[in-house]
file structure20.pdb (PDB, N, CA and C atoms)
ATOM      1  N   MET A 148       8.371  10.603   6.060
ATOM      2  CA  MET A 148       8.271   9.838   4.843
ATOM      3  C   MET A 148       8.586   8.379   5.149
ATOM      4  N   ALA A 149       7.707   7.482   4.707
ATOM      5  CA  ALA A 149       7.901   6.059   4.947
ATOM      6  C   ALA A 149       8.246   5.371   3.638
ATOM      7  N   GLU A 150       9.086   4.336   3.707
ATOM      8  CA  GLU A 150       9.453   3.583   2.520
ATOM      9  C   GLU A 150       9.225   2.107   2.778
ATOM     10  N   ASN A 151       8.685   1.423   1.806
ATOM     11  CA  ASN A 151       8.382   0.010   1.918
ATOM     12  C   ASN A 151       9.347  -0.755   1.025
ATOM     13  N   THR A 152      10.148  -1.687   1.576
ATOM     14  CA  THR A 152      11.142  -2.387   0.779
ATOM     15  C   THR A 152      10.857  -3.876   0.650
ATOM     16  N   LYS A 153       9.791  -4.424   1.266
ATOM     17  CA  LYS A 153       9.494  -5.857   1.204
ATOM     18  C   LYS A 153       8.553  -6.206   0.062
ATOM     19  N   GLN A 154       8.029  -5.252  -0.664
ATOM     20  CA  GLN A 154       7.051  -5.475  -1.716
ATOM     21  C   GLN A 154       7.713  -5.361  -3.091
ATOM     22  N   PRO A 155       7.021  -5.839  -4.162
ATOM     23  CA  PRO A 155       7.573  -5.716  -5.512
ATOM     24  C   PRO A 155       7.420  -4.302  -6.073
ATOM     25  N   TYR A 156       7.291  -3.346  -5.201
ATOM     26  CA  TYR A 156       7.188  -1.950  -5.601
ATOM     27  C   TYR A 156       7.904  -1.096  -4.557
ATOM     28  N   GLN A 157       8.244   0.081  -4.957
ATOM     29  CA  GLN A 157       8.844   1.049  -4.053
ATOM     30  C   GLN A 157       7.760   2.073  -3.732
ATOM     31  N   ALA A 158       7.581   2.373  -2.473
ATOM     32  CA  ALA A 158       6.533   3.307  -2.068
ATOM     33  C   ALA A 158       7.078   4.305  -1.060
ATOM     34  N   LYS A 159       6.685   5.540  -1.250
ATOM     35  CA  LYS A 159       7.051   6.595  -0.309
ATOM     36  C   LYS A 159       5.796   7.382   0.019
ATOM     37  N   ALA A 160       5.520   7.513   1.294
ATOM     38  CA  ALA A 160       4.328   8.243   1.742
ATOM     39  C   ALA A 160       4.747   9.589   2.313
ATOM     40  N   LEU A 161       3.947  10.581   2.012
ATOM     41  CA  LEU A 161       4.222  11.928   2.485
ATOM     42  C   LEU A 161       2.912  12.541   2.965
ATOM     43  N   ASP A 162       2.860  12.964   4.223
ATOM     44  CA  ASP A 162       1.671  13.619   4.768
ATOM     45  C   ASP A 162       1.817  15.124   4.590
ATOM     46  N   VAL A 163       0.803  15.733   3.986
ATOM     47  CA  VAL A 163       0.824  17.171   3.724
ATOM     48  C   VAL A 163      -0.537  17.755   4.051
ATOM     49  N   GLU A 164      -0.611  19.070   4.042
ATOM     50  CA  GLU A 164      -1.883  19.764   4.212
ATOM     51  C   GLU A 164      -2.195  20.500   2.917
ATOM     52  N   LEU A 165      -3.446  20.375   2.464
ATOM     53  CA  LEU A 165      -3.898  21.049   1.255
ATOM     54  C   LEU A 165      -4.940  22.088   1.609
ATOM     55  N   ASN A 166      -4.876  23.207   0.937
ATOM     56  CA  ASN A 166      -5.874  24.254   1.109
ATOM     57  C   ASN A 166      -6.898  24.110  -0.008
ATOM     58  N   LEU A 167      -8.145  23.806   0.334
ATOM     59  CA  LEU A 167      -9.194  23.568  -0.646
ATOM     60  C   LEU A 167      -9.960  24.821  -1.047
ATOM     61  N   SER A 168      -9.581  25.975  -0.531
ATOM     62  CA  SER A 168     -10.308  27.200  -0.918
ATOM     63  C   SER A 168     -10.056  27.468  -2.397
ATOM     64  N   SER A 169     -11.084  27.939  -3.071
ATOM     65  CA  SER A 169     -11.001  28.097  -4.520
ATOM     66  C   SER A 169     -10.510  29.471  -4.966
ATOM     67  N   SER A 170     -10.448  30.419  -4.052
ATOM     68  CA  SER A 170      -9.967  31.752  -4.421
ATOM     69  C   SER A 170      -9.254  32.373  -3.222
ATOM     70  N   PRO A 171      -8.414  33.359  -3.483
ATOM     71  CA  PRO A 171      -7.715  34.024  -2.365
ATOM     72  C   PRO A 171      -8.662  34.736  -1.407
ATOM     73  N   ASP A 172      -9.858  35.102  -1.894
ATOM     74  CA  ASP A 172     -10.824  35.806  -1.046
ATOM     75  C   ASP A 172     -11.574  34.863  -0.110
ATOM     76  N   GLU A 173     -11.609  33.580  -0.465
ATOM     77  CA  GLU A 173     -12.333  32.590   0.332
ATOM     78  C   GLU A 173     -11.502  32.205   1.560
ATOM     79  N   ALA A 174     -12.186  31.843   2.643
ATOM     80  CA  ALA A 174     -11.490  31.420   3.861
ATOM     81  C   ALA A 174     -10.708  30.128   3.604
ATOM     82  N   ASP A 175      -9.566  30.000   4.260
ATOM     83  CA  ASP A 175      -8.749  28.801   4.100
ATOM     84  C   ASP A 175      -9.500  27.563   4.582
ATOM     85  N   GLN A 176      -9.329  26.466   3.842
ATOM     86  CA  GLN A 176      -9.953  25.182   4.187
ATOM     87  C   GLN A 176      -8.873  24.107   4.138
ATOM     88  N   TRP A 177      -8.053  24.045   5.149
ATOM     89  CA  TRP A 177      -6.928  23.116   5.174
ATOM     90  C   TRP A 177      -7.389  21.719   5.583
ATOM     91  N   ILE A 178      -6.918  20.712   4.841
ATOM     92  CA  ILE A 178      -7.160  19.317   5.210
ATOM     93  C   ILE A 178      -5.840  18.566   5.146
ATOM     94  N   LYS A 179      -5.707  17.550   5.995
ATOM     95  CA  LYS A 179      -4.519  16.699   5.973
ATOM     96  C   LYS A 179      -4.760  15.550   5.002
ATOM     97  N   VAL A 180      -3.777  15.265   4.167
ATOM     98  CA  VAL A 180      -3.861  14.160   3.219
ATOM     99  C   VAL A 180      -2.537  13.405   3.232
ATOM    100  N   ARG A 181      -2.603  12.166   2.791
ATOM    101  CA  ARG A 181      -1.399  11.361   2.608
ATOM    102  C   ARG A 181      -1.215  11.136   1.113
ATOM    103  N   LEU A 182      -0.045  11.507   0.617
ATOM    104  CA  LEU A 182       0.320  11.235  -0.763
ATOM    105  C   LEU A 182       1.186   9.991  -0.765
ATOM    106  N   LEU A 183       0.855   9.048  -1.626
ATOM    107  CA  LEU A 183       1.631   7.815  -1.734
ATOM    108  C   LEU A 183       2.209   7.749  -3.140
ATOM    109  N   PHE A 184       3.527   7.812  -3.226
ATOM    110  CA  PHE A 184       4.238   7.712  -4.498
ATOM    111  C   PHE A 184       4.698   6.270  -4.646
ATOM    112  N   VAL A 185       4.340   5.632  -5.778
ATOM    113  CA  VAL A 185       4.614   4.208  -5.959
ATOM    114  C   VAL A 185       5.221   3.979  -7.339
ATOM    115  N   ARG A 186       6.191   3.058  -7.394
ATOM    116  CA  ARG A 186       6.694   2.579  -8.684
ATOM    117  C   ARG A 186       7.070   1.120  -8.534
ATOM    118  N   GLY A 187       6.840   0.356  -9.593
ATOM    119  CA  GLY A 187       7.220  -1.046  -9.587
ATOM    120  C   GLY A 187       8.729  -1.183  -9.673
ATOM    121  N   ILE A 188       9.261  -2.226  -9.059
ATOM    122  CA  ILE A 188      10.709  -2.445  -9.124
ATOM    123  C   ILE A 188      11.023  -3.737  -9.863
ATOM    124  N   ALA A 189      10.196  -4.033 -10.882
ATOM    125  CA  ALA A 189      10.412  -5.232 -11.689
ATOM    126  C   ALA A 189      11.609  -5.056 -12.617
ATOM    127  N   GLN A 190      12.098  -3.830 -12.762
ATOM    128  CA  GLN A 190      13.250  -3.553 -13.600
ATOM    129  C   GLN A 190      14.443  -3.178 -12.728
ATOM    130  N   PRO A 191      15.132  -4.167 -12.157
ATOM    131  CA  PRO A 191      16.230  -3.842 -11.240
ATOM    132  C   PRO A 191      17.400  -3.158 -11.928
ATOM    133  N   GLU A 192      17.520  -3.306 -13.255
ATOM    134  CA  GLU A 192      18.640  -2.676 -13.956
ATOM    135  C   GLU A 192      18.476  -1.164 -14.059
ATOM    136  N   LYS A 193      17.278  -0.681 -13.820
ATOM    137  CA  LYS A 193      17.004   0.758 -13.896
ATOM    138  C   LYS A 193      17.229   1.377 -12.522
ATOM    139  N   ALA A 194      18.399   1.930 -12.313
ATOM    140  CA  ALA A 194      18.762   2.455 -10.996
ATOM    141  C   ALA A 194      17.989   3.730 -10.652
ATOM    142  N   GLN A 195      17.873   4.641 -11.607
ATOM    143  CA  GLN A 195      17.181   5.897 -11.360
ATOM    144  C   GLN A 195      15.815   5.876 -12.029
ATOM    145  N   PRO A 196      14.758   6.085 -11.262
ATOM    146  CA  PRO A 196      13.428   6.104 -11.872
ATOM    147  C   PRO A 196      13.241   7.359 -12.713
ATOM    148  N   GLY A 197      12.505   7.223 -13.801
ATOM    149  CA  GLY A 197      12.148   8.368 -14.620
ATOM    150  C   GLY A 197      10.899   9.034 -14.075
ATOM    151  N   LYS A 198      10.581  10.202 -14.593
ATOM    152  CA  LYS A 198       9.414  10.925 -14.073
ATOM    153  C   LYS A 198       8.108  10.223 -14.406
ATOM    154  N   HIS A 199       8.082   9.338 -15.408
ATOM    155  CA  HIS A 199       6.854   8.636 -15.778
ATOM    156  C   HIS A 199       6.749   7.265 -15.111
ATOM    157  N   ASP A 200       7.705   6.897 -14.279
ATOM    158  CA  ASP A 200       7.695   5.597 -13.612
ATOM    159  C   ASP A 200       6.875   5.605 -12.329
ATOM    160  N   TRP A 201       6.520   6.761 -11.831
ATOM    161  CA  TRP A 201       5.829   6.880 -10.554
ATOM    162  C   TRP A 201       4.328   7.098 -10.740
ATOM    163  N   ALA A 202       3.540   6.552  -9.827
ATOM    164  CA  ALA A 202       2.103   6.829  -9.740
ATOM    165  C   ALA A 202       1.870   7.470  -8.373
ATOM    166  N   VAL A 203       0.902   8.368  -8.283
ATOM    167  CA  VAL A 203       0.608   9.061  -7.026
ATOM    168  C   VAL A 203      -0.829   8.753  -6.611
ATOM    169  N   PHE A 204      -1.004   8.364  -5.358
ATOM    170  CA  PHE A 204      -2.319   8.096  -4.780
ATOM    171  C   PHE A 204      -2.514   9.084  -3.636
ATOM    172  N   LEU A 205      -3.739   9.575  -3.484
ATOM    173  CA  LEU A 205      -4.052  10.534  -2.436
ATOM    174  C   LEU A 205      -5.171   9.975  -1.578
ATOM    175  N   THR A 206      -5.004  10.073  -0.264
ATOM    176  CA  THR A 206      -6.061   9.666   0.655
ATOM    177  C   THR A 206      -6.171  10.689   1.781
ATOM    178  N   THR A 207      -7.389  10.861   2.274
ATOM    179  CA  THR A 207      -7.590  11.752   3.419
ATOM    180  C   THR A 207      -7.408  11.006   4.738
ATOM    181  N   ASP A 208      -7.266   9.682   4.678
ATOM    182  CA  ASP A 208      -7.010   8.891   5.880
ATOM    183  C   ASP A 208      -5.500   8.754   6.039
ATOM    184  N   THR A 209      -4.917   9.632   6.829
ATOM    185  CA  THR A 209      -3.459   9.665   6.977
ATOM    186  C   THR A 209      -2.922   8.534   7.851
ATOM    187  N   ASN A 210      -3.803   7.700   8.396
ATOM    188  CA  ASN A 210      -3.360   6.566   9.214
ATOM    189  C   ASN A 210      -3.157   5.291   8.393
ATOM    190  N   LEU A 211      -3.590   5.288   7.137
ATOM    191  CA  LEU A 211      -3.461   4.088   6.314
ATOM    192  C   LEU A 211      -2.008   3.828   5.940
ATOM    193  N   GLU A 212      -1.631   2.561   6.008
ATOM    194  CA  GLU A 212      -0.294   2.143   5.578
ATOM    195  C   GLU A 212      -0.269   2.088   4.046
ATOM    196  N   PRO A 213       0.904   2.232   3.436
ATOM    197  CA  PRO A 213       0.984   2.204   1.970
ATOM    198  C   PRO A 213       0.354   0.963   1.339
ATOM    199  N   HIS A 214       0.598  -0.213   1.896
ATOM    200  CA  HIS A 214       0.034  -1.430   1.296
ATOM    201  C   HIS A 214      -1.489  -1.424   1.354
ATOM    202  N   ARG A 215      -2.076  -0.842   2.396
ATOM    203  CA  ARG A 215      -3.532  -0.787   2.527
ATOM    204  C   ARG A 215      -4.131   0.210   1.530
ATOM    205  N   ILE A 216      -3.457   1.325   1.301
ATOM    206  CA  ILE A 216      -3.919   2.286   0.300
ATOM    207  C   ILE A 216      -3.986   1.608  -1.063
ATOM    208  N   LEU A 217      -2.953   0.830  -1.390
ATOM    209  CA  LEU A 217      -2.928   0.138  -2.679
ATOM    210  C   LEU A 217      -3.992  -0.951  -2.756
ATOM    211  N   GLU A 218      -4.232  -1.662  -1.660
ATOM    212  CA  GLU A 218      -5.294  -2.682  -1.638
ATOM    213  C   GLU A 218      -6.661  -2.048  -1.900
ATOM    214  N   LEU A 219      -6.941  -0.946  -1.219
ATOM    215  CA  LEU A 219      -8.225  -0.265  -1.387
ATOM    216  C   LEU A 219      -8.379   0.277  -2.805
ATOM    217  N   TYR A 220      -7.302   0.810  -3.352
ATOM    218  CA  TYR A 220      -7.364   1.313  -4.721
ATOM    219  C   TYR A 220      -7.611   0.168  -5.698
ATOM    220  N   ALA A 221      -6.963  -0.965  -5.497
ATOM    221  CA  ALA A 221      -7.154  -2.120  -6.382
ATOM    222  C   ALA A 221      -8.606  -2.595  -6.335
ATOM    223  N   MET A 222      -9.200  -2.629  -5.138
ATOM    224  CA  MET A 222     -10.610  -3.017  -5.029
ATOM    225  C   MET A 222     -11.498  -2.008  -5.740
ATOM    226  N   ARG A 223     -11.225  -0.744  -5.549
ATOM    227  CA  ARG A 223     -12.019   0.312  -6.183
ATOM    228  C   ARG A 223     -11.853   0.256  -7.710
ATOM    229  N   TRP A 224     -10.641  -0.012  -8.171
ATOM    230  CA  TRP A 224     -10.386  -0.078  -9.607
ATOM    231  C   TRP A 224     -11.221  -1.180 -10.259
ATOM    232  N   ALA A 225     -11.344  -2.319  -9.596
ATOM    233  CA  ALA A 225     -12.152  -3.415 -10.131
ATOM    234  C   ALA A 225     -13.607  -2.971 -10.299
ATOM    235  N   ILE A 226     -14.120  -2.198  -9.371
ATOM    236  CA  ILE A 226     -15.490  -1.684  -9.459
ATOM    237  C   ILE A 226     -15.614  -0.724 -10.635
ATOM    238  N   GLU A 227     -14.638   0.158 -10.795
ATOM    239  CA  GLU A 227     -14.672   1.118 -11.906
ATOM    240  C   GLU A 227     -14.662   0.397 -13.251
ATOM    241  N   VAL A 228     -13.839  -0.632 -13.384
ATOM    242  CA  VAL A 228     -13.767  -1.396 -14.631
ATOM    243  C   VAL A 228     -15.100  -2.092 -14.893
ATOM    244  N   TYR A 229     -15.692  -2.661 -13.847
ATOM    245  CA  TYR A 229     -16.991  -3.325 -13.998
ATOM    246  C   TYR A 229     -18.038  -2.364 -14.556
ATOM    247  N   PHE A 230     -18.165  -1.181 -13.959
ATOM    248  CA  PHE A 230     -19.169  -0.232 -14.405
ATOM    249  C   PHE A 230     -18.878   0.283 -15.812
ATOM    250  N   LYS A 231     -17.610   0.490 -16.135
ATOM    251  CA  LYS A 231     -17.264   0.934 -17.485
ATOM    252  C   LYS A 231     -17.679  -0.114 -18.504
ATOM    253  N   GLU A 232     -17.374  -1.386 -18.230
ATOM    254  CA  GLU A 232     -17.739  -2.449 -19.163
ATOM    255  C   GLU A 232     -19.246  -2.653 -19.227
ATOM    256  N   ALA A 233     -19.931  -2.515 -18.097
ATOM    257  CA  ALA A 233     -21.387  -2.646 -18.092
ATOM    258  C   ALA A 233     -22.015  -1.557 -18.961
ATOM    259  N   LYS A 234     -21.531  -0.337 -18.841
ATOM    260  CA  LYS A 234     -22.051   0.750 -19.665
ATOM    261  C   LYS A 234     -21.735   0.525 -21.137
ATOM    262  N   GLN A 235     -20.518   0.063 -21.397
ATOM    263  CA  GLN A 235     -20.076  -0.084 -22.777
ATOM    264  C   GLN A 235     -20.767  -1.250 -23.485
ATOM    265  N   TYR A 236     -20.809  -2.425 -22.852
ATOM    266  CA  TYR A 236     -21.285  -3.626 -23.518
ATOM    267  C   TYR A 236     -22.759  -3.947 -23.267
ATOM    268  N   LEU A 237     -23.315  -3.478 -22.172
ATOM    269  CA  LEU A 237     -24.706  -3.788 -21.843
ATOM    270  C   LEU A 237     -25.633  -2.587 -22.011
ATOM    271  N   ALA A 238     -25.100  -1.516 -22.518
ATOM    272  CA  ALA A 238     -25.864  -0.286 -22.787
ATOM    273  C   ALA A 238     -26.529   0.269 -21.534
ATOM    274  N   PHE A 239     -25.877   0.152 -20.389
ATOM    275  CA  PHE A 239     -26.431   0.708 -19.156
ATOM    276  C   PHE A 239     -26.396   2.233 -19.142
ATOM    277  N   SER A 240     -25.595   2.830 -19.999
ATOM    278  CA  SER A 240     -25.519   4.289 -19.992
ATOM    279  C   SER A 240     -26.704   4.925 -20.697
ATOM    280  N   LYS A 241     -27.453   4.136 -21.461
ATOM    281  CA  LYS A 241     -28.625   4.660 -22.147
ATOM    282  C   LYS A 241     -29.846   4.519 -21.242
ATOM    283  N   SER A 242     -30.570   5.597 -21.097
ATOM    284  CA  SER A 242     -31.745   5.595 -20.234
ATOM    285  C   SER A 242     -32.871   4.796 -20.864
ATOM    286  N   LYS A 243     -33.534   3.972 -20.101
ATOM    287  CA  LYS A 243     -34.672   3.190 -20.562
ATOM    288  C   LYS A 243     -35.991   3.854 -20.158
ATOM    289  N   ALA A 244     -35.906   4.964 -19.443
ATOM    290  CA  ALA A 244     -37.118   5.647 -18.971
ATOM    291  C   ALA A 244     -37.806   6.350 -20.134
ATOM    292  N   VAL A 245     -39.122   6.374 -20.079
ATOM    293  CA  VAL A 245     -39.931   7.062 -21.079
ATOM    294  C   VAL A 245     -40.633   8.215 -20.382
ATOM    295  N   THR A 246     -40.613   9.363 -21.007
ATOM    296  CA  THR A 246     -41.270  10.512 -20.407
ATOM    297  C   THR A 246     -42.782  10.363 -20.567
ATOM    298  N   MET A 247     -43.462  10.462 -19.466
ATOM    299  CA  MET A 247     -44.922  10.336 -19.454
ATOM    300  C   MET A 247     -45.503  11.674 -19.011
ATOM    301  N   PRO A 248     -46.700  12.013 -19.526
ATOM    302  CA  PRO A 248     -47.330  13.244 -19.052
ATOM    303  C   PRO A 248     -47.767  13.068 -17.609
ATOM    304  N   PRO A 249     -47.809  14.139 -16.846
ATOM    305  CA  PRO A 249     -48.204  14.025 -15.441
ATOM    306  C   PRO A 249     -49.660  13.591 -15.308
ATOM    307  N   ILE A 250     -49.950  12.871 -14.251
ATOM    308  CA  ILE A 250     -51.306  12.399 -13.984
ATOM    309  C   ILE A 250     -52.056  13.541 -13.303
ATOM    310  N   SER A 251     -53.235  13.859 -13.845
ATOM    311  CA  SER A 251     -54.015  14.936 -13.245
ATOM    312  C   SER A 251     -54.677  14.417 -11.971
ATOM    313  N   PRO A 252     -54.844  15.292 -10.993
ATOM    314  CA  PRO A 252     -55.464  14.858  -9.725
ATOM    315  C   PRO A 252     -56.932  14.461  -9.947
ATOM    316  N   LEU A 253     -57.373  13.483  -9.215
ATOM    317  CA  LEU A 253     -58.755  13.023  -9.290
ATOM    318  C   LEU A 253     -59.626  13.849  -8.350
ATOM    319  N   SER A 254     -60.783  14.199  -8.825
ATOM    320  CA  SER A 254     -61.701  14.908  -7.930
ATOM    321  C   SER A 254     -62.912  14.009  -7.689
ATOM    322  N   ILE A 255     -63.299  13.905  -6.466
ATOM    323  CA  ILE A 255     -64.420  13.039  -6.098
ATOM    324  C   ILE A 255     -65.542  13.883  -5.553
TER     325      ILE A 255
END
call {"tool": "encode", "arguments": {"input": "structure20.pdb", "output": "structure tokens"}}
result
Amino acid sequence: MAENTKQPYQAKALDVELNLSSSPDEADQWIKVRLLFVRGIAQPEKAQPGKHDWAVFLTTDTNLEPHRILELYAMRWAIEVYFKEAKQYLAFSKSKAVTMPPISPLSI
């Protein structure tokens, strides 16, 4: 378990193995993942964190440092927000395609 103390957040990383098989009858499918538990430390008066103060990030790249996991998530989050707003405000979620009947083959 690694802890980062130079950032405005507290982070603890834990490498574990998850079994992705969906039933007991299915063959085991173990993968290694890194769980990153993060909480902001902007409230120094709060000595003990509550259960809702932590966020958990999961990555299959167990070599990533905690700060890099958060950087990648922040970049990805910006993309998610962009697409959500594009769908919401620009009506990108509505299909503009019109169903056309199939073209019959030409015979010469």
call {"tool": "axis_aligned_box", "arguments": {"input": "structure20.pdb", "around": "stretch 212-215 of chain A", "padding_each_side": "8 Å", "output": "JSON"}}
result
{"center_x": -1.6, "center_y": 0.6, "center_z": 3.7, "size_x": 21.1, "size_y": 20.0, "size_z": 20.7}
call {"tool": "resolve_selection", "arguments": {"input": "structure20.pdb", "expression": "the PyMOL selection byres (((chain A and resi 208-213 and name CA) around 7) and name CA)", "output": "short mmCIF file (atom, residue, chain, number, x, y, z; two decimals) with N, CA and C atoms, keeping the file's coordinate frame"}}
result
data_model
loop_
_atom_site.label_atom_id
_atom_site.label_comp_id
_atom_site.auth_asym_id
_atom_site.auth_seq_id
_atom_site.Cartn_x
_atom_site.Cartn_y
_atom_site.Cartn_z
N ALA A 158 7.58 2.37 -2.47
CA ALA A 158 6.53 3.31 -2.07
C ALA A 158 7.08 4.30 -1.06
N ALA A 160 5.52 7.51 1.29
CA ALA A 160 4.33 8.24 1.74
C ALA A 160 4.75 9.59 2.31
N ASP A 162 2.86 12.96 4.22
CA ASP A 162 1.67 13.62 4.77
C ASP A 162 1.82 15.12 4.59
N VAL A 180 -3.78 15.26 4.17
CA VAL A 180 -3.86 14.16 3.22
C VAL A 180 -2.54 13.40 3.23
N ARG A 181 -2.60 12.17 2.79
CA ARG A 181 -1.40 11.36 2.61
C ARG A 181 -1.22 11.14 1.11
N LEU A 183 0.86 9.05 -1.63
CA LEU A 183 1.63 7.82 -1.73
C LEU A 183 2.21 7.75 -3.14
N THR A 206 -5.00 10.07 -0.26
CA THR A 206 -6.06 9.67 0.66
C THR A 206 -6.17 10.69 1.78
N THR A 207 -7.39 10.86 2.27
CA THR A 207 -7.59 11.75 3.42
C THR A 207 -7.41 11.01 4.74
N HIS A 214 0.60 -0.21 1.90
CA HIS A 214 0.03 -1.43 1.30
C HIS A 214 -1.49 -1.42 1.35
N ARG A 215 -2.08 -0.84 2.40
CA ARG A 215 -3.53 -0.79 2.53
C ARG A 215 -4.13 0.21 1.53
N ILE A 216 -3.46 1.32 1.30
CA ILE A 216 -3.92 2.29 0.30
C ILE A 216 -3.99 1.61 -1.06
N LEU A 217 -2.95 0.83 -1.39
CA LEU A 217 -2.93 0.14 -2.68
C LEU A 217 -3.99 -0.95 -2.76
#
call {"tool": "residues_around", "arguments": {"input": "structure20.pdb", "residues": "A:Gln176", "least_positions_apart": "5", "cutoff": "6.5 Å", "atoms": "all atoms listed in the file", "output": "PyMOL selection string"}}
result
chain A and resi 165-168
call {"tool": "atom_distance", "arguments": {"input": "structure20.pdb", "atom1": "atom N of A:Lys179", "atom2": "atom N of A:Tyr220"}}
result
19.2 Å
call {"tool": "atom_distance", "arguments": {"input": "structure20.pdb", "atom1": "atom CA of A:Phe184", "atom2": "atom CA of A:Phe204"}}
result
6.6 Å
